[in-house]
$ cat target_26.cif   # mmCIF, C-alpha atoms
data_query
loop_
_atom_site.label_atom_id
_atom_site.label_comp_id
_atom_site.auth_asym_id
_atom_site.auth_seq_id
_atom_site.Cartn_x
_atom_site.Cartn_y
_atom_site.Cartn_z
CA MET A 279 13.26 -23.55 3.56
CA GLN A 280 9.65 -23.17 2.53
CA THR A 281 7.35 -23.87 5.47
CA ILE A 282 4.20 -22.19 4.21
CA LYS A 283 1.58 -23.01 1.63
CA ASN A 284 -1.15 -20.38 1.82
CA ILE A 285 -0.49 -16.66 2.07
CA ALA A 286 -2.78 -13.65 1.95
CA VAL A 287 -2.15 -10.05 0.91
CA LEU A 288 -4.07 -6.94 1.92
CA THR A 289 -3.79 -3.18 1.56
CA SER A 290 -4.62 -1.07 4.59
CA GLY A 291 -4.85 2.60 5.55
CA GLY A 292 -4.58 5.28 2.89
CA ASP A 293 -4.23 4.15 -0.71
CA ALA A 294 -1.07 4.97 -2.65
CA PRO A 295 -0.07 4.67 -6.32
CA GLY A 296 2.08 1.57 -6.76
CA MET A 297 0.15 -0.59 -4.31
CA ASN A 298 -1.25 -2.56 -7.24
CA ALA A 299 2.27 -3.25 -8.47
CA ALA A 300 3.12 -4.66 -5.05
CA VAL A 301 -0.05 -6.79 -4.95
CA ARG A 302 0.72 -8.09 -8.43
CA ALA A 303 4.27 -9.01 -7.44
CA VAL A 304 3.15 -10.82 -4.28
CA VAL A 305 0.61 -12.85 -6.24
CA ARG A 306 2.86 -13.75 -9.16
CA ALA A 307 5.99 -14.39 -7.09
CA GLY A 308 3.91 -16.51 -4.73
CA ILE A 309 2.33 -18.60 -7.49
CA TYR A 310 5.71 -18.95 -9.22
CA ASN A 311 7.03 -20.52 -6.04
CA GLY A 312 4.10 -22.88 -5.59
CA LEU A 313 2.10 -20.93 -3.02
CA ASN A 314 -1.63 -20.35 -2.91
CA VAL A 315 -2.21 -16.61 -2.69
CA TYR A 316 -5.39 -15.04 -1.34
CA GLY A 317 -6.43 -11.43 -1.71
CA VAL A 318 -8.10 -9.81 1.29
CA TYR A 319 -10.56 -7.12 0.27
CA LYS A 320 -10.99 -3.90 2.28
CA GLY A 321 -8.01 -4.36 4.56
CA TYR A 322 -8.36 -5.66 8.09
CA GLU A 323 -12.11 -5.17 7.86
CA GLY A 324 -12.17 -7.76 5.10
CA LEU A 325 -10.05 -10.14 7.15
CA LEU A 326 -12.57 -9.91 9.98
CA ASN A 327 -15.47 -10.62 7.65
CA GLY A 328 -13.81 -13.36 5.61
CA ASP A 329 -13.78 -11.28 2.42
CA LEU A 330 -10.97 -13.33 0.87
CA GLU A 331 -10.51 -14.75 -2.61
CA GLN A 332 -7.82 -17.01 -4.00
CA LEU A 333 -6.05 -15.08 -6.74
CA GLN A 334 -4.66 -16.42 -10.00
CA LEU A 335 -2.11 -14.97 -12.41
CA ARG A 336 -4.83 -13.29 -14.42
CA SER A 337 -6.41 -11.85 -11.28
CA VAL A 338 -3.63 -9.29 -11.22
CA GLY A 339 -3.34 -8.74 -14.96
CA ASP A 340 -3.68 -5.19 -16.31
CA ILE A 341 -3.40 -3.55 -12.88
CA ILE A 342 0.21 -2.36 -12.67
CA GLN A 343 -0.65 0.97 -14.34
CA ARG A 344 -3.65 1.66 -12.12
CA GLY A 345 -3.58 3.95 -9.10
CA GLY A 346 -5.26 3.10 -5.82
CA THR A 347 -5.64 -0.55 -4.86
CA ILE A 348 -7.75 -3.25 -6.50
CA LEU A 349 -8.06 -4.89 -3.08
CA GLN A 350 -9.53 -1.67 -1.69
CA THR A 351 -8.94 -0.45 1.82
CA ALA A 352 -11.05 0.51 4.81
CA ARG A 353 -10.77 1.63 8.43
CA SER A 354 -11.78 -0.98 11.00
CA PRO A 355 -12.42 0.15 14.58
CA GLU A 356 -13.42 -3.42 15.49
CA PHE A 357 -10.02 -4.76 14.44
CA ASN A 358 -8.38 -2.53 17.05
CA THR A 359 -10.14 -4.40 19.86
CA GLU A 360 -9.03 -7.65 21.48
CA ALA A 361 -12.18 -9.35 20.28
CA GLY A 362 -11.62 -8.07 16.75
CA LEU A 363 -8.05 -9.38 16.63
CA LYS A 364 -9.17 -12.82 17.79
CA LYS A 365 -11.92 -12.81 15.18
CA ALA A 366 -9.38 -11.94 12.48
CA MET A 367 -7.11 -14.78 13.58
CA SER A 368 -10.04 -17.18 13.62
CA MET A 369 -11.03 -16.20 10.10
CA ALA A 370 -7.45 -16.63 8.88
CA LYS A 371 -7.54 -20.19 10.22
CA VAL A 372 -10.74 -20.85 8.27
CA PHE A 373 -8.80 -20.18 5.07
CA ASN A 374 -5.65 -21.93 6.40
CA ILE A 375 -3.61 -18.75 5.97
CA ASP A 376 -0.01 -19.34 7.04
CA ALA A 377 1.26 -15.79 6.54
CA LEU A 378 -0.05 -12.33 5.79
CA VAL A 379 1.52 -9.63 3.61
CA VAL A 380 0.39 -6.17 4.69
CA ILE A 381 0.86 -3.19 2.37
CA GLY A 382 0.39 0.14 4.13
CA GLY A 383 1.80 2.63 6.60
CA ASP A 384 2.65 2.70 10.29
CA GLY A 385 -0.95 2.13 11.39
CA SER A 386 -1.19 -0.91 9.14
CA PHE A 387 2.08 -2.26 10.52
CA ARG A 388 0.84 -1.84 14.08
CA GLY A 389 -2.12 -3.99 13.13
CA ALA A 390 0.33 -6.55 11.73
CA LYS A 391 2.27 -6.43 15.01
CA ASP A 392 -0.91 -7.18 16.97
CA LEU A 393 -1.61 -10.19 14.75
CA ALA A 394 2.01 -11.30 15.06
CA GLU A 395 1.68 -11.31 18.83
CA LEU A 396 -1.19 -13.77 18.40
CA GLY A 397 0.89 -16.06 16.20
CA MET A 398 0.36 -14.85 12.61
CA ASN A 399 3.50 -14.47 10.52
CA CYS A 400 3.30 -11.00 8.97
CA VAL A 401 5.46 -9.23 6.42
CA GLY A 402 4.93 -5.52 5.85
CA ILE A 403 5.48 -3.53 2.66
CA PRO A 404 5.64 0.28 3.14
CA GLY A 405 2.96 1.95 1.05
CA THR A 406 2.08 5.58 1.76
CA ILE A 407 2.56 8.83 -0.15
CA ASP A 408 3.81 10.50 3.04
CA ASN A 409 7.21 8.71 3.14
CA ASP A 410 6.96 8.88 6.92
CA ILE A 411 7.85 5.31 7.92
CA GLY A 412 10.99 5.33 10.04
CA SER A 413 12.39 1.98 8.96
CA THR A 414 12.63 2.77 5.24
CA ASP A 415 14.07 5.53 3.10
CA TYR A 416 11.26 5.17 0.57
CA THR A 417 7.58 4.26 0.60
CA ILE A 418 5.46 3.18 -2.37
CA GLY A 419 3.41 6.08 -3.73
CA TYR A 420 5.76 8.84 -2.64
CA ASP A 421 7.29 9.53 -6.05
CA THR A 422 3.94 9.60 -7.85
CA ALA A 423 2.48 11.98 -5.27
CA MET A 424 5.40 14.36 -5.67
CA ASN A 425 5.03 14.37 -9.44
CA THR A 426 1.31 15.08 -9.07
CA VAL A 427 2.09 18.03 -6.80
CA LEU A 428 4.77 19.34 -9.14
CA ASP A 429 2.38 19.19 -12.10
CA SER A 430 -0.10 21.26 -10.07
CA ILE A 431 2.60 23.76 -9.13
CA ASP A 432 3.52 24.27 -12.78
CA LYS A 433 -0.12 24.88 -13.71
CA ILE A 434 -0.74 27.24 -10.80
CA ARG A 435 2.43 29.13 -11.66
CA ASP A 436 1.03 29.96 -15.12
CA THR A 437 -1.99 31.78 -13.73
CA SER A 438 -0.02 33.22 -10.83
CA TYR A 439 2.40 34.85 -13.27
CA SER A 440 -0.40 36.10 -15.53
CA HIS A 441 -2.04 37.94 -12.63
CA GLU A 442 1.10 38.81 -10.62
CA ARG A 443 -0.17 36.80 -7.68
CA CYS A 444 1.20 34.84 -4.78
CA SER A 445 0.04 31.24 -4.49
CA VAL A 446 -0.05 29.31 -1.21
CA LEU A 447 -0.18 25.59 -1.86
CA GLU A 448 -0.97 23.10 0.92
CA VAL A 449 0.31 19.59 0.24
CA MET A 450 -0.21 16.25 1.98
CA GLY A 451 2.22 14.38 4.21
CA ARG A 452 0.43 14.22 7.57
CA ASN A 453 3.06 15.30 10.10
CA ALA A 454 5.98 14.85 7.70
CA GLY A 455 7.28 17.47 5.28
CA TRP A 456 8.94 15.24 2.69
CA ILE A 457 6.51 16.06 -0.13
CA ALA A 458 6.58 19.74 0.75
CA VAL A 459 10.36 20.18 0.83
CA ASN A 460 11.05 18.24 -2.37
CA CYS A 461 8.24 19.81 -4.36
CA GLY A 462 9.13 23.22 -3.00
CA ILE A 463 12.67 22.86 -4.28
CA ALA A 464 11.54 21.40 -7.62
CA GLY A 465 8.89 24.10 -8.00
CA GLY A 466 11.08 27.05 -7.09
CA ALA A 467 9.12 28.12 -3.99
CA GLU A 468 9.94 31.34 -2.15
CA ALA A 469 9.07 29.67 1.15
CA ILE A 470 8.51 26.09 2.34
CA ILE A 471 6.81 25.62 5.71
CA LEU A 472 7.42 22.24 7.36
CA PRO A 473 6.18 20.54 10.55
CA GLU A 474 9.79 19.68 11.38
CA GLU A 475 10.89 23.33 11.51
CA GLU A 476 9.66 26.25 13.59
CA PHE A 477 8.76 29.23 11.45
CA ASN A 478 8.10 32.91 11.79
CA ILE A 479 5.58 34.09 9.21
CA ASP A 480 7.20 37.52 8.77
CA GLU A 481 10.78 36.27 8.50
CA ASP A 482 10.18 33.03 6.63
CA ILE A 483 7.33 34.03 4.31
CA ILE A 484 6.78 37.77 4.07
CA LEU A 485 10.46 38.77 3.86
CA PRO A 486 11.44 36.50 0.91
CA ILE A 487 8.27 37.51 -0.97
CA VAL A 488 8.96 41.23 -0.52
CA GLN A 489 12.63 40.78 -1.41
CA GLY A 490 11.59 38.93 -4.54
CA ARG A 491 9.17 41.70 -5.50
CA ASN A 492 11.89 44.27 -5.03
CA ARG A 493 14.09 42.31 -7.44
CA GLY A 494 11.33 42.43 -10.04
CA LYS A 495 9.61 39.07 -9.53
CA LYS A 496 6.07 38.82 -10.90
CA HIS A 497 4.77 35.76 -9.02
CA TYR A 498 5.45 33.95 -5.75
CA LEU A 499 4.95 30.45 -4.39
CA VAL A 500 4.63 29.30 -0.80
CA ILE A 501 4.42 25.57 0.00
CA VAL A 502 2.76 24.60 3.28
CA ALA A 503 2.90 21.04 4.59
CA GLU A 504 -0.32 19.43 5.77
CA GLY A 505 1.09 19.08 9.30
CA ILE A 506 1.19 22.88 9.54
CA GLY A 507 -2.04 23.58 7.67
CA GLY A 508 -3.71 26.97 7.63
CA ALA A 509 -3.02 27.77 3.98
CA VAL A 510 -6.10 30.00 3.73
CA ASP A 511 -5.10 32.03 6.80
CA ILE A 512 -1.51 32.32 5.60
CA ALA A 513 -2.70 33.57 2.20
CA LYS A 514 -4.92 36.16 3.87
CA TYR A 515 -2.02 37.38 6.02
CA ILE A 516 0.32 37.65 3.00
CA GLU A 517 -2.21 39.74 1.06
CA GLU A 518 -2.90 42.06 4.01
CA LYS A 519 0.80 42.50 4.72
CA THR A 520 2.14 42.93 1.17
CA GLN A 521 -0.92 44.02 -0.85
CA ILE A 522 -0.04 41.22 -3.29
CA VAL A 523 -3.15 39.34 -4.40
CA THR A 524 -2.77 35.89 -2.83
CA ARG A 525 -4.73 32.68 -3.39
CA ALA A 526 -4.65 29.45 -1.38
CA THR A 527 -4.95 26.02 -2.96
CA ILE A 528 -5.35 22.84 -0.93
CA LEU A 529 -4.57 19.94 -3.25
CA GLY A 530 -6.10 17.27 -1.01
CA TYR A 531 -6.79 13.77 -2.25
CA ILE A 532 -5.74 14.41 -5.83
CA GLN A 533 -2.24 13.63 -4.49
CA ARG A 534 -3.22 10.07 -3.60
CA GLY A 535 -4.47 9.09 -7.04
CA GLY A 536 -3.16 8.78 -10.55
CA THR A 537 -1.05 6.48 -12.65
CA PRO A 538 2.04 5.37 -10.69
CA THR A 539 5.44 6.45 -11.93
CA VAL A 540 8.14 4.06 -13.12
CA CYS A 541 9.80 4.38 -9.72
CA ASP A 542 6.67 3.34 -7.83
CA ARG A 543 5.87 0.50 -10.21
CA VAL A 544 9.36 -0.94 -9.99
CA MET A 545 9.73 -0.40 -6.25
CA GLY A 546 6.30 -1.90 -5.60
CA SER A 547 7.26 -4.91 -7.70
CA ARG A 548 10.61 -5.35 -5.97
CA MET A 549 9.16 -5.01 -2.50
CA GLY A 550 6.31 -7.42 -3.26
CA ALA A 551 8.69 -10.09 -4.52
CA HIS A 552 11.04 -9.51 -1.58
CA ALA A 553 8.16 -10.05 0.86
CA VAL A 554 7.44 -13.44 -0.71
CA ASN A 555 11.13 -14.36 -0.56
CA CYS A 556 11.17 -13.56 3.15
CA LEU A 557 8.38 -16.06 3.72
CA LEU A 558 10.01 -18.70 1.54
CA GLU A 559 13.22 -18.33 3.52
CA GLY A 560 11.35 -19.02 6.73
CA LYS A 561 11.65 -15.50 8.09
CA LYS A 562 8.98 -14.29 10.48
CA ASN A 563 7.50 -10.87 11.09
CA ARG A 564 9.55 -8.63 8.85
CA ILE A 565 9.21 -5.19 7.24
CA VAL A 566 10.58 -4.76 3.73
CA ALA A 567 12.61 -1.56 3.50
CA LEU A 568 14.86 0.46 1.23
CA ARG A 569 18.00 1.42 3.17
CA ASP A 570 20.97 3.14 1.51
CA ASN A 571 19.58 2.17 -1.92
CA LYS A 572 19.45 -1.51 -0.98
CA LEU A 573 16.33 -3.60 -0.43
CA VAL A 574 16.45 -5.25 3.00
CA ASP A 575 14.04 -6.63 5.58
CA ILE A 576 13.88 -5.61 9.24
CA ASP A 577 12.27 -7.14 12.30
CA LEU A 578 8.68 -5.90 12.51
CA PHE A 579 8.86 -4.97 16.17
CA GLU A 580 12.19 -3.20 15.77
CA ALA A 581 10.96 -1.35 12.69
CA LEU A 582 8.01 0.13 14.55
CA SER A 583 10.36 1.72 17.09
CA MET A 584 12.33 3.56 14.40
CA SER A 585 11.82 7.21 13.56
CA LYS A 586 12.75 9.34 10.56
CA THR A 587 14.17 12.86 10.70
CA MET A 588 13.93 15.45 7.97
CA ASP A 589 17.02 15.86 5.80
CA LYS A 590 18.67 19.09 6.99
CA GLU A 591 20.60 19.35 3.73
CA LEU A 592 17.31 19.57 1.80
CA ILE A 593 15.98 22.24 4.16
CA ASN A 594 19.14 24.32 3.83
CA LEU A 595 19.12 23.91 0.06
CA SER A 596 15.54 25.11 -0.16
CA LYS A 597 16.46 28.29 1.67
CA ILE A 598 19.54 28.95 -0.46
CA LEU A 599 17.67 28.47 -3.73
CA ALA A 600 14.74 30.66 -2.62
CA MET A 601 16.96 33.74 -2.38
#
$ encode --input "target_26.cif" --output "structure tokens"
Amino acid sequence: MQTIKNIAVLTSGGDAPGMNAAVRAVVRAGIYNGLNVYGVYKGYEGLLNGDLEQLQLRSVGDIIQRGGTILQTARSPEFNTEAGLKKAMSMAKVFNIDALVVIGGDGSFRGAKDLAELGMNCVGIPGTIDNDIGSTDYTIGYDTAMNTVLDSIDKIRDTSYSHERCSVLEVMGRNAGWIAVNCGIAGGAEAIILPEEEFNIDEDIILPIVQGRNRGKKHYLVIVAEGIGGAVDIAKYIEEKTQIVTRATILGYIQRGGTPTVCDRVMGSRMGAHAVNCLLEGKKNRIVALRDNKLVDIDLFEALSMSKTMDKELINLSKILAM
């Protein structure tokens, strides 16, 4: 049964392609069901400062194809204090906000948990390119980021082949290697270095490169996850050890931008609508999640205690295909 009238939506933490699709779905599903929907600008910082605006259907028109987030996002040290949380709750009462939809990663969800402990009903939507949220198999932005990385790999491979070089590519993912392992497989990497796996630079990088050269290969690709880092040093070591000219490329924030893929647009839309349905059904403090290809919602506090482990099958496959 519907027990709410006014809801707000914000994006927090790092931006991710597909966030706009989720915002759009929250707004339109909310209005369709008779709710007043407010947009909070600049994440929790905007909630503290009362940077809220009631959104209409046209407010979210022509945004589904845009990367980033129209609501913007910002870090807020003040929000992480007891005084900041109370200020945020006080400002929510000024606008008569009954529930808050938070689109972001683990840090954003921990902020939602803190608000929930003070009485705010919060629903989280996982949005981060890192795919590192334990409660869900998929996070909004992940697919687009991988396609951006793969496009870069294909371009780098062209010049790498032309000059008979080795390329070391460092990709994002914080302390998770999901982008690295999938893009490494899709890009035909000789070596993929992940935070989840211990590695020996001679055995795991130098050996497959040298074996490939001995088979007549003309170019080589090493993918290094952000959680490992050190792409420049690894490239230098490879060149010194093998005498193969080696260049490092750190893709950086290019991975966070760009037009979202079909997958991210649809998943963002589905998750946004599901978040609104949770509120309409009277559920409190939930995280929307994709589990076993089904959209579900999980208790917020339980979700934050969950962890995600790297798929061993993917790791093994990457090693088999790199031979």
$ residues_around --input "target_26.cif" --residues "Ala352 in chain A" --least-positions-apart "6" --cutoff "12 Å" --atoms "only C-alpha atoms" --output "tab-separated table (two decimals) with C-alpha atoms, keeping the file's coordinate frame"
chain	number	residue	atom	x	y	z
A	288	LEU	CA	-4.07	-6.94	1.92
A	289	THR	CA	-3.79	-3.18	1.56
A	290	SER	CA	-4.62	-1.07	4.59
A	291	GLY	CA	-4.85	2.60	5.55
A	292	GLY	CA	-4.58	5.28	2.89
A	293	ASP	CA	-4.23	4.15	-0.71
A	318	VAL	CA	-8.10	-9.81	1.29
A	319	TYR	CA	-10.56	-7.12	0.27
A	320	LYS	CA	-10.99	-3.90	2.28
A	321	GLY	CA	-8.01	-4.36	4.56
A	322	TYR	CA	-8.36	-5.66	8.09
A	323	GLU	CA	-12.11	-5.17	7.86
A	324	GLY	CA	-12.17	-7.76	5.10
A	325	LEU	CA	-10.05	-10.14	7.15
A	326	LEU	CA	-12.57	-9.91	9.98
A	382	GLY	CA	0.39	0.14	4.13
A	386	SER	CA	-1.19	-0.91	9.14
$ resolve_selection --input "target_26.cif" --expression "the PyMOL selection byres ((chain A and resi 596) around 8)" --output "MDAnalysis selection string"
chainID A and resid 459 462:463 470 592:595 597:600
$ residues_around --input "target_26.cif" --residues "range 424-428 of chain A" --least-positions-apart "2" --cutoff "8 Å" --atoms "all atoms listed in the file" --output "ChimeraX atom specification"
/A:420-422,430-432,449,457,460-461,464-465,529,532-533,536
$ closest_residue --input "target_26.cif" --among "A:Met450, A:Ile501, A:Ile282, A:Cys444" --to "Ile471 in chain A" --atoms "all atoms listed in the file"
A:Ile501
$ closest_residue --input "target_26.cif" --among "A:Ala503, A:Cys556, A:Val566, A:Val338" --to "Gly383 in chain A" --atoms "only C-alpha atoms"
A:Val566
$ atom_distance --input "target_26.cif" --atom1 "CA of Arg388 in chain A" --atom2 "CA of Phe579 in chain A"
8.9 Å
$ closest_residue --input "target_26.cif" --among "A:Met297, A:Leu393, A:Ile285, A:Ala303" --to "Ile375 in chain A" --atoms "all atoms listed in the file"
A:Ile285
$ closest_residue --input "target_26.cif" --among "A:Asp340, A:Glu331, A:Glu442, A:Asp408" --to "Gly494 in chain A" --atoms "all atoms listed in the file"
A:Glu442
$ residues_around --input "target_26.cif" --residues "Pro404 in chain A" --least-positions-apart "6" --cutoff "9 Å" --atoms "all atoms listed in the file" --output "number ranges by chain"
A: 380-384, 387, 411, 414, 416-418, 549, 565-567
$ resolve_selection --input "target_26.cif" --expression "the PyMOL selection byres ((chain A and resi 569-577) around 12)" --output "PyMOL selection string"
chain A and resi 387+390-391+394+399-404+411-417+545-557+559+561-568+578-584
$ residues_around --input "target_26.cif" --residues "Lys496 in chain A" --least-positions-apart "6" --cutoff "12 Å" --atoms "only C-alpha atoms" --output "JSON, numbers by chain"
{"A": [435, 436, 437, 438, 439, 440, 441, 442, 443, 444, 445, 487, 488, 489, 490, 522, 523]}
$ atom_distance --input "target_26.cif" --atom1 "CA of Glu504 in chain A" --atom2 "CA of Gln521 in chain A"
25.5 Å
$ resolve_selection --input "target_26.cif" --expression "the PyMOL selection byres ((chain A and resi 485) around 12)" --output "list in words"
Glu468, Ala469, Asn478, Ile479, Asp480, Glu481, Asp482, Ile483, Ile484, Pro486, Ile487, Val488, Gln489, Gly490, Arg491, Asn492, Tyr498, Ile516, Lys519, Thr520, Ala600 and Met601 of chain A
$ atom_distance --input "target_26.cif" --atom1 "CA of Val544 in chain A" --atom2 "CA of Tyr531 in chain A"
23.2 Å
$ residues_around --input "target_26.cif" --residues "Leu313 in chain A" --least-positions-apart "6" --cutoff "12 Å" --atoms "only C-alpha atoms" --output "MDAnalysis selection string"
chainID A and resid 280:286 304:307 332:335 375:377 554:555 557:558
$ closest_residue --input "target_26.cif" --among "A:Ser337, A:Asn314, A:Thr406, A:Asn327" --to "Arg534 in chain A" --atoms "all atoms listed in the file"
A:Thr406
$ closest_residue --input "target_26.cif" --among "A:Ala458, A:Val315, A:Ile506, A:Leu363" --to "Val379 in chain A" --atoms "all atoms listed in the file"
A:Val315
$ build_atoms --input "target_26.cif" --residues "range 365-389 of chain A" --atoms "N, CA and C atoms" --output "compact mmCIF listing (two decimals), keeping the file's coordinate frame"
# COMPACT_ATOMS: atom_id res chain seq x y z
N LYS A 365 -11.03 -12.47 16.29
CA LYS A 365 -11.92 -12.81 15.18
C LYS A 365 -11.14 -12.88 13.87
N ALA A 366 -10.21 -11.94 13.69
CA ALA A 366 -9.38 -11.94 12.48
C ALA A 366 -8.52 -13.19 12.42
N MET A 367 -7.93 -13.57 13.53
CA MET A 367 -7.11 -14.78 13.58
C MET A 367 -7.95 -16.02 13.29
N SER A 368 -9.15 -16.04 13.84
CA SER A 368 -10.04 -17.18 13.62
C SER A 368 -10.42 -17.30 12.15
N MET A 369 -10.67 -16.17 11.50
CA MET A 369 -11.03 -16.20 10.10
C MET A 369 -9.84 -16.62 9.24
N ALA A 370 -8.65 -16.21 9.61
CA ALA A 370 -7.45 -16.63 8.88
C ALA A 370 -7.29 -18.15 8.94
N LYS A 371 -7.63 -18.73 10.07
CA LYS A 371 -7.54 -20.19 10.22
C LYS A 371 -8.57 -20.90 9.34
N VAL A 372 -9.71 -20.27 9.14
CA VAL A 372 -10.74 -20.85 8.27
C VAL A 372 -10.19 -21.06 6.86
N PHE A 373 -9.38 -20.11 6.41
CA PHE A 373 -8.80 -20.18 5.07
C PHE A 373 -7.40 -20.81 5.09
N ASN A 374 -6.97 -21.30 6.25
CA ASN A 374 -5.65 -21.93 6.40
C ASN A 374 -4.51 -21.01 5.97
N ILE A 375 -4.64 -19.73 6.32
CA ILE A 375 -3.61 -18.75 5.97
C ILE A 375 -2.40 -18.93 6.89
N ASP A 376 -1.24 -19.16 6.27
CA ASP A 376 -0.01 -19.34 7.04
C ASP A 376 0.73 -18.04 7.29
N ALA A 377 0.54 -17.06 6.40
CA ALA A 377 1.26 -15.79 6.54
C ALA A 377 0.47 -14.70 5.85
N LEU A 378 0.68 -13.48 6.31
CA LEU A 378 -0.05 -12.33 5.79
C LEU A 378 0.92 -11.25 5.35
N VAL A 379 0.74 -10.77 4.12
CA VAL A 379 1.52 -9.63 3.61
C VAL A 379 0.66 -8.38 3.71
N VAL A 380 1.14 -7.40 4.44
CA VAL A 380 0.39 -6.17 4.69
C VAL A 380 1.07 -5.00 3.99
N ILE A 381 0.34 -4.35 3.09
CA ILE A 381 0.86 -3.19 2.37
C ILE A 381 0.19 -1.94 2.94
N GLY A 382 0.98 -1.05 3.53
CA GLY A 382 0.39 0.14 4.13
C GLY A 382 1.42 0.94 4.91
N GLY A 383 0.93 1.77 5.81
CA GLY A 383 1.80 2.63 6.60
C GLY A 383 1.96 2.16 8.03
N ASP A 384 2.38 3.06 8.90
CA ASP A 384 2.65 2.70 10.29
C ASP A 384 1.44 2.09 10.99
N GLY A 385 0.25 2.68 10.76
CA GLY A 385 -0.95 2.13 11.39
C GLY A 385 -1.22 0.71 10.95
N SER A 386 -1.02 0.44 9.68
CA SER A 386 -1.19 -0.91 9.14
C SER A 386 -0.19 -1.87 9.76
N PHE A 387 1.05 -1.40 9.93
CA PHE A 387 2.08 -2.26 10.52
C PHE A 387 1.81 -2.54 11.99
N ARG A 388 1.19 -1.59 12.68
CA ARG A 388 0.84 -1.84 14.08
C ARG A 388 -0.25 -2.91 14.18
N GLY A 389 -1.14 -2.92 13.19
CA GLY A 389 -2.12 -3.99 13.13
C GLY A 389 -1.44 -5.33 12.88
